[in-house]
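Please read the structure below before turning to the comments.
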Amino acid sequence: MNELDRTRERTDAQSYRTERSMNGPWEFALDPDDEGRRDGWYGPDADWPETTTVDVPHAWQEREEYLEYTGVAWYRRRIEVSEVGGDERVALRFGAVDYEATVWVDGEEVGTHRGGYLPFEFDVTDESGGGESTVVVRVEDPEDVSEIPHGKQGAPWYTRVSGIWGDVSLRTRPGTRTTSARVTPNLETDAAEVELAVEIADGRRDVTAVVAAATDGETVAEATTELDADGSARVELDIDDPVYWTPETPHLYDLTVRLRADGETVDRYEDYFGMRSFETTGDRFLLNGEPIRLRGALDQGYYPGTLYRPFEDDLFEREIRIAKELGFNLLRKHIKPAHPDFVEAADRLGILVWEEPANPTVCTERSKREVREQLRGFVERDYNSPSVVLWSLYNEEWGIGNPQGLDEETSLWTDEEKQAYLVELYETVREWDPTRPVCDNSGWAHVATDVNDYHRYFVSPDRADAWADDLDHVLTHPADNYAATETDPSEAPIVVSEFGTWGLCDVDALRERYGGEPPWFDHEFFDDPIKRPAGVDERYEDSHLSTVFDGFEDLASVWQEREFVSVADVIGQMRTREDVAGYVITEFSDIEWEFNGLLDYHREEKAFCDAFAAVNGPVMVRLEPHARSAWSGEDVPVDVVVVNDAADPIDADLSWEAFGRSGTVAVTADPASVTRIDEAFAVTADVTGVASDELTVSLETPAGEVTSTERLWVAEREFDGDGVAAFVRGAISPQMAAADNGVDVQHDLDGDVDVAIVTELDDSVRAFAEEGGAVLLVPDADGSMTDGSPFEFRELPATESWNLVSSLLYGDSALVADLTVDRRLGWAFDGLYPYAVATDLEATDEVHVGYVEGWLVNEATPLATRDLGAGTITACTFRLADGYGDHPTATVLMNDLLETIVRE
């Protein structure tokens with residue numbers, strides 16, 4: 001950790017260093033034709049055209065008129081520099097400038113810097129000379145950032161960030177000074193090894209360093225060392241009975257390095273560290289030698305209005321406290337180095353941090369060099385931070401493979417040259433920092449890695465079974481996630497480091513917070529309609545949504561509950577598999593158009609956060625009913641799984657209640673264990689029609705009460721189909737023929753038929769409808785819908801899908817009212833969710849269940865009725881073929897359809 005990023009010294013009588021903020025008003029001018037350098041804008045008295053004043057730190061995209069601007073801009077400020085004496089030096093420090101900065105003081109160029117995320121400084125002692133000086137900064141952030149590590153700036157993601165977005169300060173310090181003090185804890189010996197780097201001014205001789213560690217103002221270890229000729233030294237601090245750093249006990253030790261020369265103290269350097277180890281062993285992570293499962297959230301560090309900067313004081317602290325209240329022990333700072341103030345807050349408050357660099361788009365010598373430089377910079381910056389426990393090198397091949405399908409790029413899966421480069425970079429970073437695991441390429445196509453992580457986007461319950469199958473495959477075949485096995489897949493813990501489901505925010509409330517339309521609603525680079533909020537009001541009013549929901553607030557409450565139900569099951573399935581070493585949900589907060597956060601963009605909790613904490617906490621109770629819908633009077637066995645990530649054992653009774661019945665089950669669970677109780681109890685209910693209730697359990701643990709709920713449906717079997725003649729053809733025929741429902745199943749389409757139930761609409765069935773008959777079109781055995789009907793169908797993926805996790809199925813039709821929860825389809829449809837939807841909706845269609853994706857686009861339906869001549873055709877894409885007669889929801893839905901169709 002170097003002096004640029006961690007010293008927090010104040011100006012006082014004992015200080016050898018001073019720092020003065022240069023934040024505040026600066027002159028600002030755009031230079032779209034890049035004429036400023038040629039015309040001498042760097043001169044202290046140069047005339048600038050069309051200047052304005054901005055408050056630094058500042059990204060020019062914070063002003064809507066500059067939102068889409070890329071290119072060159074200039075900043076200027078007059079500063080007062082105090083005279084320095086002896087060998088003192090003055091440095092101008094920038095917290096971050098995106099992307100390339102050139103700095104002049106009184107017309108003299110003092111340096112240039114490339115890189116948009118890390119601090120840098122220039123010595124300006126000779127240029128300033130005391131008194132008033134003029135600082136000019138030229139910033140270039142080009143339109144083409146393909147070779148530049150830029151993270152998620154610009155197409156196809158979020159707002160660009162350009163300019164002096166970090167703090168600016170003027171620093172005075174001794175010529176002989178400590179420039180870094182890297183602390184490596186050794187928990188086997190309870191010692192901290194301190195590696196010093198010291199710059200020695202000309203004329204200084206016999207410099208010694210006194211290194212001390214303290215806690216609560218009391219020194220607990222101290223050592224004195226001579227410096228080598230190059231200014232380096234190593235000392236070991238032995239700490240008696242140290243307090244190890246953990247998220248629960250984030251204990252920090254203060255580090256002081258005093259330099260002495262010629263009989264006097266010439267510099268005092270301050271930092272901190274934690275006694276903490278983090279490593280992998282086989283398929284597990286170890287924190288301080290003890291097993292730990294990662295419960296993490298993706299945190300992209302974007303903020304409304306201020307972009308890369310927090311929009312209020314103490315926001316980082318508030319974020320971390322919320323994350324811990326939600327049960328997280330880790331935040332993955334995504335696709336750019338973490339803000340240094342965030343890391344400091346994580347160290348103090350106690351949460352693990354996974355860091356990674358911003359990525360370029362293409363793999364070139366320049367992009368590789370700048371990724372390496374960025375990695376080197378934040379590894380050095382955060383080396384002493386105990387909260388930082390993992391490094392990534394790349395994400396999803398961005399900038400090293402070809403996930404975008406570019407013509408000029410090759411895939412990491414097959415390009416051996418890129419694989420060799422990634423191995424070399426992995427080994428280099430391990431040399432820079434042997435104390436932390438390294439993930440080479442987060443998501444897939446691993447080559448040399450300490451973590452085998454996956455990015456998997458399944459929605460549940462729609463694809464709950466597919467997610468279970470996928471997890472089983474992941475755990476059984478870990479090498480499938482590797483492009484080459486330069487490290488052993490069996491020795492890397494498995495982490496699902498991205499997954500999630502969307503939950504729309506209250507759009508009206510969002511506008512109110514912004515005071516109007518957010519500037520990112522209609523970025524020029526949006527090419528996927530799912531991502532484009534502009535026009536959302538018109539789409540809402542023109543869709544079936546407006547007939548079901550009472551505005552955006554109502555819609556958001558239902559959609560967010562769908563988000564919770566989905567992620568609760570996805571997380572539950574991971575946590576009950578002991579071989580999954582951790583997970584990272586996408587994501588902690590909404591980011592601009594991407595509304596998959598647990599918090600909204602302004603870091604306000606969504607409606608389900610209290611319930612989420614029970615799913616994500618150190619102790620989780622998962623309920624696994626053998627069926628989500630059952631027949632009246634039928635026993636439904638329920639398996640109980642207790643996940644205990646806590647340090648204390650559990651020995652208590654679990655209480656359960658549903659449909660007016662209750663009971664208790666004895667539970668014993670060791671620390672760091674997964675305990676399964678098969679058929680712990682059974683739920684039974686006698687109902688008329690269809691009824692649902694929440695199965696609720698509670699368990700007292702040493703950390704407090706843990707609760708869990710799952711909704712169950714119970715249906716009466718009775719259905720009087722007497723007098724109904726149905727022509728049945730296709731995959732559903734055997735089930736209809738075998739059902740004891742009173743329906744007269746026929747195989748000839750004649751005048752006595754009341755309804756035709758088919759998987760394909762041929763000429764005879766079409767004619768039957770046109771002449772006044774009712775047709776019910778259902779899926780084939782594989783869930784597909786046959787072309788050639790009045791409806792057009794779009795297939796939905798049967799496994800993971802970005803579109804599906806952004807979707808909502810909803811309805812308030814009498815056909816599904818008893819099977820939904822507040823108009824939202826849920827677990828009642830387990831095993832029946834469609835693999836296709838009808839897309840070409842007409843104004844006269846009677847939509848029983850609606851379907852929409854993202855920012856209210858791709859409107860469709862799995863259940864709708866359309867006039868066809870004198871008759872009707874009802875398209876039902878729910879997978880009823882195998883379920884009718886056995887699956888209560890499938891049976892009730894089909895029977896209600898028959899009754900409705902015949903009645904009408």
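Letters A, B, ... mark the chains of the structure tokens in the order given; residue numbers begin at 1 per chain; ligand numbers begin at 1, in order shown.
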### Task
Extract, using only C-alpha atoms, all DNA, RNA and protein residues at most 9 Å from region 682-689 of chain A, discarding same-chain residues fewer than 4 positions from it, and format them as JSON, numbers by chain.
{"A": [625, 630, 631, 632, 633, 634, 635, 636, 637, 638, 639, 657, 658, 659, 660, 661, 662, 695, 714, 715, 716, 717, 718, 818]}
#### Entry: Residues within 10 Å of region 254-267 of chain A, only C-alpha atoms, excluding chain neighbours under 2 positions, as a PyMOL selection string
chain A and resi 14-17+173-178+180-181+183+194+196+198+200+204-227+252+269-274
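With only C-alpha atoms as the atoms that count, the residue of A:Ser698, A:Ser655, A:Ser460, A:Thr861 with the shortest distance to Glu800 (chain A) is A:Ser460.
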### Task
Quick one: everything within 12 Å of Glu50 (chain A), counting only C-alpha atoms, minus sequence neighbours fewer than 4 positions away in the same chain. Send it as a PyMOL selection string.
chain A and resi 27-31+73-74
### Query
What is the CA of Asp554 (chain A)-CA of Leu510 (chain A) distance in Å, reported with one decimal?
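A separation of 14.0 Å between them.
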### Task
To one decimal in Å, tell me the separation between CA of Ala647 (chain A) and CA of Ala614 (chain A).
17.2 Å
